[in-house]
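Visitor: As input, take model_30.txt (compact mmCIF, C-alpha atoms and all ligand atoms):
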# COMPACT_ATOMS: atom_id res chain seq x y z
CA MET A 1 -13.30 5.28 17.79
CA SER A 2 -12.53 2.09 19.70
CA ASN A 3 -9.58 1.71 22.00
CA ILE A 4 -8.76 -1.92 21.28
CA VAL A 5 -4.99 -2.35 21.39
CA VAL A 6 -3.80 -5.27 19.30
CA THR A 7 -0.46 -6.41 20.67
CA PRO A 8 1.77 -9.06 19.17
CA ILE A 9 1.93 -12.49 20.79
CA PRO A 10 5.36 -13.06 22.39
CA LEU A 11 7.82 -14.96 20.21
CA ALA A 12 8.13 -17.92 22.61
CA GLN A 13 4.39 -18.47 22.35
CA MET A 14 4.34 -17.99 18.57
CA ARG A 15 6.93 -20.75 18.31
CA THR A 16 4.34 -23.22 19.63
CA HIS A 17 1.96 -22.42 16.75
CA ARG A 18 1.13 -25.12 14.22
CA SER A 19 0.86 -22.97 11.08
CA THR A 20 3.31 -23.26 8.19
CA LYS A 21 5.20 -20.12 9.23
CA TRP A 22 6.15 -21.80 12.51
CA ARG A 23 6.61 -25.37 11.28
CA ASP A 24 8.62 -24.96 8.10
CA PHE A 25 11.94 -23.91 9.61
CA PRO A 26 14.33 -25.29 12.24
CA ALA A 27 13.91 -23.88 15.77
CA ASP A 28 16.91 -21.54 15.48
CA VAL A 29 15.43 -19.72 12.46
CA LEU A 30 13.47 -16.50 12.99
CA PRO A 31 10.58 -16.71 10.48
CA LEU A 32 9.15 -13.60 8.79
CA PRO A 33 7.65 -15.02 5.59
CA VAL A 34 3.98 -16.04 4.98
CA ALA A 35 1.13 -13.53 5.18
CA GLU A 36 -0.31 -14.18 8.62
CA MET A 37 -0.12 -12.00 11.71
CA ASP A 38 1.47 -12.76 15.08
CA PHE A 39 -1.59 -11.19 16.73
CA GLU A 40 -4.38 -12.50 18.95
CA ILE A 41 -7.57 -12.84 16.93
CA ALA A 42 -10.55 -10.55 17.53
CA GLU A 43 -12.56 -11.31 20.67
CA PRO A 44 -15.96 -11.79 18.94
CA ILE A 45 -14.38 -14.37 16.62
CA ARG A 46 -12.65 -16.17 19.47
CA THR A 47 -15.94 -16.31 21.41
CA LEU A 48 -17.79 -17.68 18.38
CA LEU A 49 -15.20 -20.35 17.66
CA LEU A 50 -14.94 -21.44 21.30
CA GLU A 51 -18.71 -21.72 21.46
CA MET A 52 -18.95 -23.74 18.25
CA VAL A 53 -16.19 -26.11 19.34
CA SER A 54 -17.43 -26.50 22.90
CA HIS A 55 -20.94 -27.24 21.60
CA SER A 56 -19.54 -29.71 19.04
CA ASP A 57 -21.15 -27.56 16.35
CA LEU A 58 -18.87 -28.70 13.54
CA GLY A 59 -21.09 -30.15 10.85
CA TYR A 60 -21.44 -29.40 7.14
CA LEU A 61 -22.22 -25.91 6.04
CA GLY A 62 -25.58 -25.12 4.48
CA SER A 63 -26.84 -21.76 3.34
CA ILE A 64 -25.11 -18.96 5.27
CA PRO A 65 -26.64 -15.64 4.19
CA GLU A 66 -24.82 -13.96 7.11
CA VAL A 67 -21.59 -13.91 5.05
CA GLY A 68 -23.16 -11.86 2.25
CA THR A 69 -25.19 -9.56 4.50
CA SER A 70 -22.32 -8.80 6.89
CA PHE A 71 -19.87 -8.18 4.02
CA ALA A 72 -22.39 -5.92 2.25
CA LYS A 73 -22.77 -3.81 5.41
CA PHE A 74 -19.00 -3.63 5.90
CA ALA A 75 -18.40 -2.70 2.24
CA GLN A 76 -21.04 0.02 2.39
CA MET A 77 -19.67 1.50 5.61
CA ARG A 78 -15.94 1.33 4.82
CA TRP A 79 -15.87 1.80 1.07
CA ASN A 80 -19.29 3.18 0.12
CA TRP A 81 -19.73 0.13 -2.09
CA THR A 82 -23.22 -1.33 -2.46
CA VAL A 83 -22.99 -5.12 -2.66
CA ASP A 84 -25.93 -7.41 -3.37
CA PRO A 85 -25.65 -10.10 -0.64
CA GLU A 86 -27.32 -12.55 -3.01
CA GLN A 87 -24.28 -12.29 -5.28
CA VAL A 88 -21.76 -13.22 -2.59
CA HIS A 89 -20.79 -16.83 -3.26
CA ILE A 90 -18.82 -18.73 -0.64
CA VAL A 91 -15.75 -20.70 -1.78
CA THR A 92 -13.02 -22.56 0.09
CA ASP A 93 -10.39 -19.85 -0.13
CA VAL A 94 -9.32 -17.11 -2.54
CA GLY A 95 -7.12 -19.57 -4.46
CA VAL A 96 -10.04 -21.92 -5.05
CA GLY A 97 -12.27 -18.95 -5.92
CA VAL A 98 -9.91 -17.65 -8.60
CA VAL A 99 -9.25 -21.13 -10.00
CA GLU A 100 -12.96 -21.95 -10.21
CA VAL A 101 -13.74 -18.60 -11.83
CA LEU A 102 -10.90 -19.16 -14.33
CA ARG A 103 -12.29 -22.62 -15.11
CA VAL A 104 -15.68 -21.10 -15.90
CA LEU A 105 -14.37 -18.16 -17.95
CA THR A 106 -11.48 -19.68 -19.92
CA GLN A 107 -10.50 -22.52 -22.20
CA PRO A 108 -7.09 -24.19 -21.80
CA GLY A 109 -4.46 -22.06 -23.50
CA ASP A 110 -6.32 -18.75 -23.13
CA LYS A 111 -4.09 -15.85 -22.10
CA VAL A 112 -4.26 -14.51 -18.56
CA LEU A 113 -2.45 -11.28 -17.68
CA ILE A 114 -0.66 -10.60 -14.41
CA ASN A 115 1.54 -7.70 -13.34
CA SER A 116 4.68 -8.79 -11.56
CA PRO A 117 6.03 -8.67 -8.97
CA VAL A 118 2.90 -10.28 -7.60
CA TYR A 119 1.69 -12.85 -5.06
CA HIS A 120 3.36 -16.04 -6.25
CA ASN A 121 0.21 -18.16 -6.28
CA PHE A 122 -1.17 -16.11 -9.18
CA SER A 123 1.25 -18.20 -11.26
CA THR A 124 0.30 -21.49 -9.63
CA TRP A 125 -3.42 -20.80 -10.16
CA ILE A 126 -2.69 -20.07 -13.83
CA GLU A 127 -0.73 -23.31 -14.19
CA GLU A 128 -3.43 -25.26 -12.42
CA THR A 129 -6.06 -24.10 -14.90
CA HIS A 130 -3.87 -24.72 -17.97
CA VAL A 131 -4.10 -21.16 -19.22
CA THR A 132 -1.15 -19.15 -20.50
CA LYS A 133 0.50 -16.52 -18.35
CA VAL A 134 1.26 -13.11 -19.84
CA ASP A 135 3.17 -10.66 -17.66
CA VAL A 136 3.31 -6.88 -17.94
CA PRO A 137 5.52 -5.87 -14.99
CA PHE A 138 5.11 -2.73 -12.90
CA GLY A 139 7.70 0.02 -13.27
CA ASP A 140 10.49 0.16 -10.70
CA VAL A 141 10.51 1.87 -7.34
CA ASN A 142 11.68 5.17 -8.88
CA SER A 143 8.55 5.27 -11.02
CA GLY A 144 6.38 4.66 -7.92
CA TYR A 145 5.77 1.14 -9.26
CA ALA A 146 3.97 2.71 -12.23
CA ILE A 147 1.37 0.70 -14.10
CA ASP A 148 2.52 0.10 -17.68
CA PHE A 149 -0.75 0.99 -19.41
CA ASP A 150 0.81 0.81 -22.89
CA GLY A 151 2.12 -2.67 -22.12
CA ILE A 152 -1.28 -3.68 -20.78
CA GLU A 153 -3.04 -2.32 -23.87
CA ASN A 154 -0.66 -4.25 -26.12
CA ALA A 155 -1.27 -7.41 -24.12
CA TYR A 156 -5.05 -6.91 -24.28
CA LYS A 157 -4.73 -6.32 -28.03
CA SER A 158 -2.80 -9.58 -28.39
CA GLY A 159 -5.84 -11.52 -27.16
CA VAL A 160 -5.60 -11.62 -23.36
CA LYS A 161 -8.87 -13.01 -22.06
CA ILE A 162 -8.52 -12.38 -18.31
CA HIS A 163 -6.56 -9.82 -16.30
CA LEU A 164 -5.84 -11.02 -12.77
CA LEU A 165 -5.51 -7.93 -10.62
CA CYS A 166 -4.06 -7.84 -7.11
CA SER A 167 -5.90 -4.93 -5.52
CA PRO A 168 -4.53 -3.77 -3.16
CA HIS A 169 -1.22 -5.14 -4.19
CA ASN A 170 0.93 -7.84 -2.57
CA PRO A 171 3.92 -7.37 -2.34
CA LEU A 172 4.09 -3.71 -3.45
CA GLY A 173 1.61 -2.43 -0.85
CA ARG A 174 0.11 -0.35 -3.62
CA VAL A 175 -3.55 0.71 -3.68
CA TYR A 176 -5.05 1.41 -7.12
CA SER A 177 -6.61 4.85 -7.54
CA ARG A 178 -10.07 5.32 -9.04
CA ALA A 179 -8.48 6.89 -12.13
CA GLU A 180 -6.20 3.87 -12.59
CA LEU A 181 -9.09 1.44 -12.22
CA LEU A 182 -11.23 3.43 -14.65
CA LYS A 183 -8.42 3.40 -17.19
CA LEU A 184 -8.13 -0.38 -16.88
CA VAL A 185 -11.91 -0.75 -17.20
CA ALA A 186 -11.95 1.37 -20.38
CA LEU A 187 -9.18 -0.73 -21.92
CA ALA A 188 -10.75 -4.01 -20.83
CA LYS A 189 -14.07 -2.94 -22.35
CA GLU A 190 -12.40 -1.99 -25.62
CA TYR A 191 -10.59 -5.32 -25.94
CA ASN A 192 -13.21 -7.57 -24.35
CA VAL A 193 -11.10 -8.58 -21.35
CA ILE A 194 -12.54 -9.81 -18.03
CA ILE A 195 -10.87 -8.53 -14.86
CA ILE A 196 -10.71 -10.70 -11.75
CA SER A 197 -9.87 -8.50 -8.78
CA ASP A 198 -8.30 -10.25 -5.78
CA GLU A 199 -9.14 -7.88 -2.91
CA ILE A 200 -8.10 -10.01 0.06
CA HIS A 201 -5.84 -7.26 1.49
CA ALA A 202 -8.43 -4.48 1.11
CA PRO A 203 -9.59 -4.13 4.74
CA LEU A 204 -5.94 -3.59 5.69
CA THR A 205 -5.61 -0.34 3.72
CA PHE A 206 -4.16 2.40 5.95
CA SER A 207 -6.33 5.43 6.59
CA GLU A 208 -4.37 7.96 4.49
CA THR A 209 -5.42 6.08 1.33
CA GLN A 210 -8.93 5.20 0.24
CA PHE A 211 -9.35 1.66 -1.05
CA ILE A 212 -11.55 1.60 -4.17
CA PRO A 213 -13.36 -1.72 -4.77
CA PHE A 214 -13.15 -2.67 -8.44
CA LEU A 215 -16.88 -3.29 -8.77
CA SER A 216 -17.68 0.11 -7.25
CA VAL A 217 -16.29 2.19 -10.11
CA GLY A 218 -19.28 1.89 -12.44
CA GLN A 219 -21.46 -0.25 -14.67
CA ASP A 220 -18.68 -1.17 -17.10
CA ALA A 221 -16.55 -2.52 -14.25
CA GLN A 222 -19.53 -4.53 -13.05
CA ASP A 223 -20.16 -5.93 -16.54
CA LEU A 224 -16.58 -7.09 -17.05
CA GLY A 225 -15.35 -7.63 -13.48
CA VAL A 226 -15.53 -10.17 -10.69
CA THR A 227 -14.07 -9.84 -7.20
CA VAL A 228 -12.66 -12.63 -5.07
CA THR A 229 -11.98 -11.80 -1.44
CA ALA A 230 -12.11 -13.02 2.16
CA ALA A 231 -11.92 -11.98 5.79
CA SER A 232 -9.01 -14.36 6.29
CA LYS A 233 -6.14 -11.93 5.66
CA ALA A 234 -7.43 -8.97 7.65
CA TRP A 235 -8.67 -10.99 10.61
CA ASN A 236 -5.96 -13.65 10.47
CA LEU A 237 -8.15 -16.67 9.82
CA ALA A 238 -6.41 -18.37 6.88
CA GLY A 239 -6.55 -21.83 8.44
CA LEU A 240 -10.34 -21.68 8.72
CA LYS A 241 -10.89 -21.84 4.93
CA CYS A 242 -13.56 -19.48 3.74
CA ALA A 243 -13.57 -16.83 0.99
CA PHE A 244 -16.14 -15.57 -1.49
CA VAL A 245 -16.72 -14.48 -5.07
CA VAL A 246 -18.70 -11.28 -5.73
CA SER A 247 -20.28 -10.21 -9.00
CA GLN A 248 -22.67 -7.39 -9.67
CA SER A 249 -24.21 -7.38 -13.13
CA GLU A 250 -26.59 -9.54 -15.11
CA THR A 251 -23.76 -10.24 -17.56
CA MET A 252 -21.29 -11.48 -14.94
CA ASN A 253 -23.87 -13.15 -12.70
CA SER A 254 -25.05 -15.27 -15.61
CA LYS A 255 -21.49 -16.24 -16.55
CA LEU A 256 -20.76 -17.24 -12.95
CA ALA A 257 -23.97 -19.26 -12.70
CA ALA A 258 -21.79 -22.03 -14.18
CA LEU A 259 -19.66 -22.16 -11.00
CA PRO A 260 -20.07 -25.61 -9.46
CA GLU A 261 -22.46 -25.54 -6.52
CA ALA A 262 -20.03 -27.68 -4.56
CA THR A 263 -17.52 -24.81 -4.22
CA HIS A 264 -19.80 -23.48 -1.45
CA TYR A 265 -19.74 -26.72 0.52
CA ARG A 266 -15.98 -26.99 0.28
CA ALA A 267 -15.52 -24.04 2.64
CA SER A 268 -15.61 -24.72 6.37
CA LEU A 269 -18.45 -24.08 8.77
CA LEU A 270 -16.08 -22.46 11.27
CA GLY A 271 -14.59 -20.29 8.53
CA ALA A 272 -17.93 -19.11 7.19
CA PHE A 273 -19.29 -18.06 10.59
CA ALA A 274 -15.95 -16.53 11.60
CA THR A 275 -16.09 -14.54 8.33
CA ALA A 276 -19.61 -13.29 9.04
CA THR A 277 -18.56 -12.33 12.59
CA ALA A 278 -15.41 -10.57 11.35
CA PHE A 279 -17.36 -8.30 9.00
CA ALA A 280 -20.23 -7.76 11.44
CA GLU A 281 -18.37 -7.34 14.73
CA GLY A 282 -14.66 -7.17 13.92
CA GLY A 283 -14.38 -3.51 12.89
CA ASP A 284 -12.94 -2.26 16.18
CA TRP A 285 -10.35 -5.02 16.29
CA LEU A 286 -9.43 -4.29 12.66
CA ASP A 287 -8.88 -0.62 13.50
CA GLY A 288 -6.69 -1.68 16.44
CA ALA A 289 -4.67 -4.04 14.23
CA LEU A 290 -4.25 -1.25 11.67
CA ARG A 291 -2.89 1.10 14.36
CA THR A 292 -0.32 -1.53 15.35
CA LEU A 293 0.61 -2.21 11.71
CA ASP A 294 0.81 1.50 10.95
CA GLU A 295 3.26 1.90 13.80
CA ASN A 296 5.23 -1.14 12.62
CA ARG A 297 5.56 -0.01 8.99
CA HIS A 298 7.14 3.24 10.26
CA PHE A 299 9.21 1.46 12.94
CA LEU A 300 10.67 -0.77 10.22
CA LYS A 301 11.50 2.30 8.11
CA THR A 302 13.37 3.90 11.01
CA LEU A 303 15.15 0.66 11.83
CA LEU A 304 16.31 0.13 8.25
CA SER A 305 17.31 3.78 7.80
CA GLU A 306 19.47 3.57 10.90
CA LYS A 307 20.96 0.10 10.54
CA LEU A 308 20.85 -0.68 6.81
CA PRO A 309 20.63 2.74 5.14
CA THR A 310 21.47 1.47 1.64
CA VAL A 311 18.48 -0.86 1.29
CA THR A 312 15.28 0.35 -0.38
CA TYR A 313 11.93 0.05 1.35
CA GLU A 314 8.89 2.15 0.46
CA ILE A 315 6.35 2.32 3.26
CA PRO A 316 3.32 0.37 1.97
CA ALA A 317 -0.18 1.87 1.76
CA CYS A 318 -1.78 -1.37 2.87
CA SER A 319 -1.23 -4.61 4.72
CA TYR A 320 1.88 -5.81 6.54
CA LEU A 321 4.29 -6.88 3.84
CA ALA A 322 7.51 -4.96 3.25
CA TRP A 323 9.08 -5.23 -0.20
CA ILE A 324 12.76 -4.64 0.36
CA ASP A 325 15.54 -4.31 -2.21
CA LEU A 326 18.78 -5.74 -0.76
CA ALA A 327 20.91 -5.37 -3.90
CA SER A 328 23.28 -2.92 -2.17
CA LEU A 329 24.19 -5.57 0.44
CA ASN A 330 25.85 -7.91 -2.10
CA LEU A 331 24.34 -11.06 -0.65
CA GLY A 332 24.79 -13.06 -3.86
CA ASP A 333 22.28 -14.40 -6.39
CA ASN A 334 19.72 -15.39 -3.79
CA PRO A 335 19.76 -13.06 -0.76
CA ALA A 336 16.86 -14.88 0.97
CA LYS A 337 18.85 -18.14 0.83
CA THR A 338 22.01 -16.47 2.09
CA LEU A 339 20.09 -14.86 4.96
CA LEU A 340 18.51 -18.16 5.90
CA GLU A 341 21.83 -20.01 5.84
CA LYS A 342 24.03 -17.36 7.43
CA GLY A 343 21.64 -15.29 9.52
CA ARG A 344 19.04 -17.96 10.39
CA VAL A 345 16.28 -15.56 9.41
CA ALA A 346 13.58 -16.43 6.86
CA PHE A 347 11.82 -14.15 4.37
CA ASN A 348 9.94 -14.78 1.13
CA PRO A 349 12.47 -14.63 -1.70
CA GLY A 350 11.79 -11.85 -4.21
CA GLU A 351 12.12 -14.19 -7.17
CA SER A 352 8.94 -16.03 -6.21
CA PHE A 353 7.08 -12.77 -7.04
CA SER A 354 9.04 -11.96 -10.21
CA PRO A 355 12.05 -13.40 -12.04
CA ASN A 356 13.42 -9.84 -12.00
CA ALA A 357 13.23 -9.49 -8.22
CA GLN A 358 16.04 -11.79 -7.12
CA GLN A 359 17.57 -9.09 -4.95
CA TYR A 360 14.32 -8.47 -3.08
CA ILE A 361 12.85 -10.05 0.01
CA ARG A 362 9.32 -9.77 1.35
CA LEU A 363 9.26 -9.24 5.10
CA ASN A 364 6.15 -9.71 7.24
CA PHE A 365 6.00 -6.91 9.83
CA ALA A 366 2.82 -8.08 11.61
CA THR A 367 4.91 -9.01 14.60
CA GLY A 368 6.65 -7.48 17.61
CA HIS A 369 9.31 -4.77 17.52
CA ASP A 370 11.68 -7.24 19.20
CA VAL A 371 11.25 -9.65 16.28
CA LEU A 372 11.78 -6.88 13.72
CA GLU A 373 14.93 -5.70 15.50
CA GLU A 374 16.27 -9.22 15.73
CA ALA A 375 15.50 -9.83 12.04
CA VAL A 376 17.48 -6.74 11.04
CA ASN A 377 20.33 -7.76 13.36
CA ARG A 378 20.42 -11.17 11.69
CA ILE A 379 20.60 -9.53 8.25
CA ILE A 380 23.57 -7.48 9.50
CA LYS A 381 25.19 -10.64 10.89
CA SER A 382 24.94 -12.24 7.44
CA LEU A 383 26.93 -9.52 5.68
C1 LIG B 401 -3.16 -11.40 -2.95
C2 LIG B 401 -3.45 -12.66 -2.21
N1 LIG B 401 -4.44 -13.46 -2.62
C3 LIG B 401 -4.73 -14.60 -1.99
C4 LIG B 401 -4.00 -14.99 -0.88
C5 LIG B 401 -4.31 -16.29 -0.23
O1 LIG B 401 -5.65 -16.43 0.01
P1 LIG B 401 -6.28 -17.83 0.32
O2 LIG B 401 -5.51 -18.43 1.45
O3 LIG B 401 -7.69 -17.48 0.70
O4 LIG B 401 -6.20 -18.63 -0.93
C6 LIG B 401 -2.96 -14.20 -0.42
C7 LIG B 401 -2.17 -14.62 0.74
O5 LIG B 401 -1.24 -14.01 1.14
C8 LIG B 401 -2.68 -13.01 -1.10
O6 LIG B 401 -1.68 -12.20 -0.71
Would you give me this structure, written as C-alpha cells?
Ligand SMILES: Cc1ncc(COP(=O)(O)O)c(C=O)c1O

Guide:
Amino acid sequence: MSNIVVTPIPLAQMRTHRSTKWRDFPADVLPLPVAEMDFEIAEPIRTLLLEMVSHSDLGYLGSIPEVGTSFAKFAQMRWNWTVDPEQVHIVTDVGVGVVEVLRVLTQPGDKVLINSPVYHNFSTWIEETHVTKVDVPFGDVNSGYAIDFDGIENAYKSGVKIHLLCSPHNPLGRVYSRAELLKLVALAKEYNVIIISDEIHAPLTFSETQFIPFLSVGQDAQDLGVTVTAASKAWNLAGLKCAFVVSQSETMNSKLAALPEATHYRASLLGAFATATAFAEGGDWLDGALRTLDENRHFLKTLLSEKLPTVTYEIPACSYLAWIDLASLNLGDNPAKTLLEKGRVAFNPGESFSPNAQQYIRLNFATGHDVLEEAVNRIIKSL
C-alpha cells in the first residue's frame, strides 16, 4: 500500500483557479458545486504535462494505443474486467461520447430512459440528440434509493430504445450490485434495449463496495451494452478533454463502427497522454485521494449530525458528492438559491437532477475540512 497523502489545496490558492467552479461566483461566495476536486493532481501526471508543455509538444493527436492498454490493465487489476484495448475508442469527453453513441444508435424521437435524480447533463445530451426522455425515478432515501424494476420493465415494454445508466451513480453515490445489473441485462435483452453505462465515477468507489463494470457481467451485457468513461473525474483532469467509449462484442463493435473517426481527433493530446498516465501510474495517488475522500464523507456526516441534525445525508459509496435533503430547514422553494443569496455559499440545486428534488442540494466534499465547516456555518447563517 502506498503512503501518498492527498491534501486539499488551501482556499486562498483555489480562489486563483480558472475553472468554472472558481469563476462563476462573486469573490465572497464559497463554491461547492461542480464535480472537480480541490486537490493537487498526481505527480506522474504533473511531470508528464510539464514535460509536454516545456518541450512544446502540443500538436494533434494520432493513434494513442497507450490509453486502451493502460485502461485494460487498470480494469483487470481493480475490477477483474478483461477489456480489449482495441475496442477503447478515444472521444473528447464523456458528454461527446454519449452524444455520438446516441447519434449512431437512435433516430430522432426514439425513447431514451434515465433514472432521476441523475447528473443533469443526461437531459442535455438527450435534448441535443433529439431523442425523447423517459424517466423512471429511483425510490426515496427510505427505500435505499431502490431501483424501480417494474417501472423500468414497463418503460422498456413501451418501446424504450436506450437506457442511459449512471454507474456508479451521481448524485446518489450508489453503486449497482451484480444482481441489479444482471436483472437490468435480462430485461434489456427481453425488450431489445441497449444500455449505455456512464462509468466516469467508477475509480472513486470506496473500498467497502466492489464496483462492477457493466460489460463484465456476461455475454448478454456485452451484446447489448456500451460503456463511456474517462480518467478525468478520478484524477481531476476535466479541463484536458479526453474520454473513451468501450464495447466488447461483435454485435456492439459493428454498431459502433459507424462512430465518426473524427471523434478521436477531437480529444486533446495532453488529455490522452494524461489519461494513459493516470491509469498506468496513478493508482497510488488514487488510493491516497480515496483515503482523503473517505475521511471527508464521514467528517461531513459528523458535522451535519452535530450542527444540522434534521437534514438527511446518506454517506455515499463512491465519489465526493453529497446528496442532502434540506426540506426540514424551510429554506423556501429553492434552497440552493436562498443559500447563495443569504449565506453566500453555492451548491448544485437538487432540481437540476430531478424536478422532484427541489429541496435537495448536491455538495462537493473534495475539499478541506475548513471549507466544509464554513459551508455548514453559512447554511446555518441563512436560516
Ligand atoms: C455521471 C457523469 N458523467 C459525465 C460527467 C462529465 O464528463 P465529461 O466532462 O467527460 O463530459 C460527469 C461530471 O460530473 C458525471 O458526473

Visitor: Considering all atoms listed in the file, return as a list in words whatever protein or nucleic-acid residues lie within 10 Å of Pro171 in chain A, sequence-local ones (same chain, fewer than 5 positions apart) excluded.

Guide: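 Within the cut-off, the hits are Ser116, Pro117, Val118, Tyr119, His120, Cys166, Pro316, Cys318, Ser319, Tyr320, Leu321, Ala322, Trp323, Ile324, Gly350, Phe353, Ile361, Arg362 and Leu363 of chain A.
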
Visitor: Would you list the residues that come within 9 Å of ligand LIG 401 (chain B)? Count all atoms listed in the file and give the answer as a ChimeraX atom specification.

Guide: /A:34-36,92-98,118-122,165-171,198-201,228-233,237-239,241-244

Visitor: Pick out the residues sitting within 9 Å of Leu270 in chain A, and hand them over as a list in words; count all atoms listed in the file, and ignore anything fewer than 4 positions along from it in its own chain.

Guide: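 Using all atoms listed in the file, the neighbours found are Leu48, Leu49, Met52, Val53, Asp57, Leu58, Leu61, Leu240, Lys241, Cys242, Ala274 and Thr275 of chain A.
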
Visitor: List the neighbours of range 78-82 of chain A out to 9 Å using all atoms listed in the file; skip same-chain residues closer than 5 positions along the sequence, and give me the result as a list in words.

Guide: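 Counting only the stated atoms, we get Ala72, Lys73, Pro203, Gln210, Phe211, Ile212, Pro213, Leu215, Ser216 and Val217 of chain A.
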
Visitor: As an exercise, work out the distance from CA of Tyr145 in chain A to CA of Gln222 in chain A in Å and give it to one decimal place.

Guide: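 It comes out at 26.2 Å.
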
Visitor: The residues within 12 Å of (16.5, 1.7, 1.8), using all atoms listed in the file and the coordinates of the file, should be reported as a list in words; which are they?

Guide: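 Within 12 Å of (16.5, 1.7, 1.8), the protein and nucleic acid residues are Val141, Leu300, Lys301, Thr302, Leu303, Leu304, Ser305, Glu306, Lys307, Leu308, Pro309, Thr310, Val311, Thr312, Tyr313, Glu314, Ile315, Ala322, Trp323, Ile324, Asp325, Leu326, Ala327, Ser328, Leu329 and Tyr360 of chain A.
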
Visitor: Would you compute the distance between CA of Glu128 in chain A and CA of Gly109 in chain A? Give it in Å to one decimal.

Guide: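 Atom-to-atom, CA of Glu128 in chain A to CA of Gly109 in chain A, that is 11.6 Å.
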
Visitor: My list of candidates is A:Ile90, A:Ala366, A:Val5, A:Val29. Which is closest to Pro260 in chain A when distances are computed with all atoms listed in the file?

Guide: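 The closest residue to Pro260 in chain A is A:Ile90.
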
Visitor: In terms of the shortest atom-to-atom distance over all atoms listed in the file, which of A:Pro31, A:His17, A:Asp148, A:Glu153 is closest to Glu374 in chain A?

Guide: A:Pro31

Visitor: For Glu281 in chain A, which of A:Ile45, A:Ile4, A:Val345, A:Leu164 is the closest residue, counting all atoms listed in the file?

Guide: A:Ile45

Visitor: Using only C-alpha atoms, find the one residue out of A:Asp84, A:Asp28, A:Phe149, A:Val6 that sits nearest to Gly343 in chain A.

Guide: A:Asp28

Visitor: Can you tell me, as JSON, numbers by chain, what residues are no more than 6 Å from Gly225 in chain A when counting all atoms listed in the file, ignoring any on the same chain fewer than 5 positions away?

Guide: {"A": [194, 195, 196]}

Visitor: Let me have the centre and edge lengths of the axis-aligned box enclosing all listed atoms of range 339-349 of chain A with 4 Å padding on every side, in Å to one decimal, as lines of an AutoDock Vina configuration file.

Guide:
center_x = 17.0
center_y = -17.1
center_z = 4.3
size_x = 22.1
size_y = 13.9
size_z = 20.1

Visitor: Could you please determine the separation between CA of Thr16 in chain A and CA of Ser382 in chain A in Å, to one decimal place?

Guide: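 CA of Thr16 in chain A sits 26.3 Å away from CA of Ser382 in chain A.
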
Visitor: Given the choices A:Val67, A:Leu293, A:Val136, A:Leu11, which gets closest to Ser354 in chain A if the distance is worked out from all atoms listed in the file?

Guide: A:Val136

Visitor: Have a look at A:Leu259, A:Tyr191, A:Asn356, A:Leu339 and name the one nearest to Lys157 in chain A; count only C-alpha atoms.

Guide: A:Tyr191

Visitor: If we count all atoms listed in the file and set the cut-off at 8 Å, which residues sit around Asp220 in chain A, ignoring sequence neighbours fewer than 5 positions away in its own chain? Please answer as a ChimeraX atom specification.

Guide: /A:185-186,189
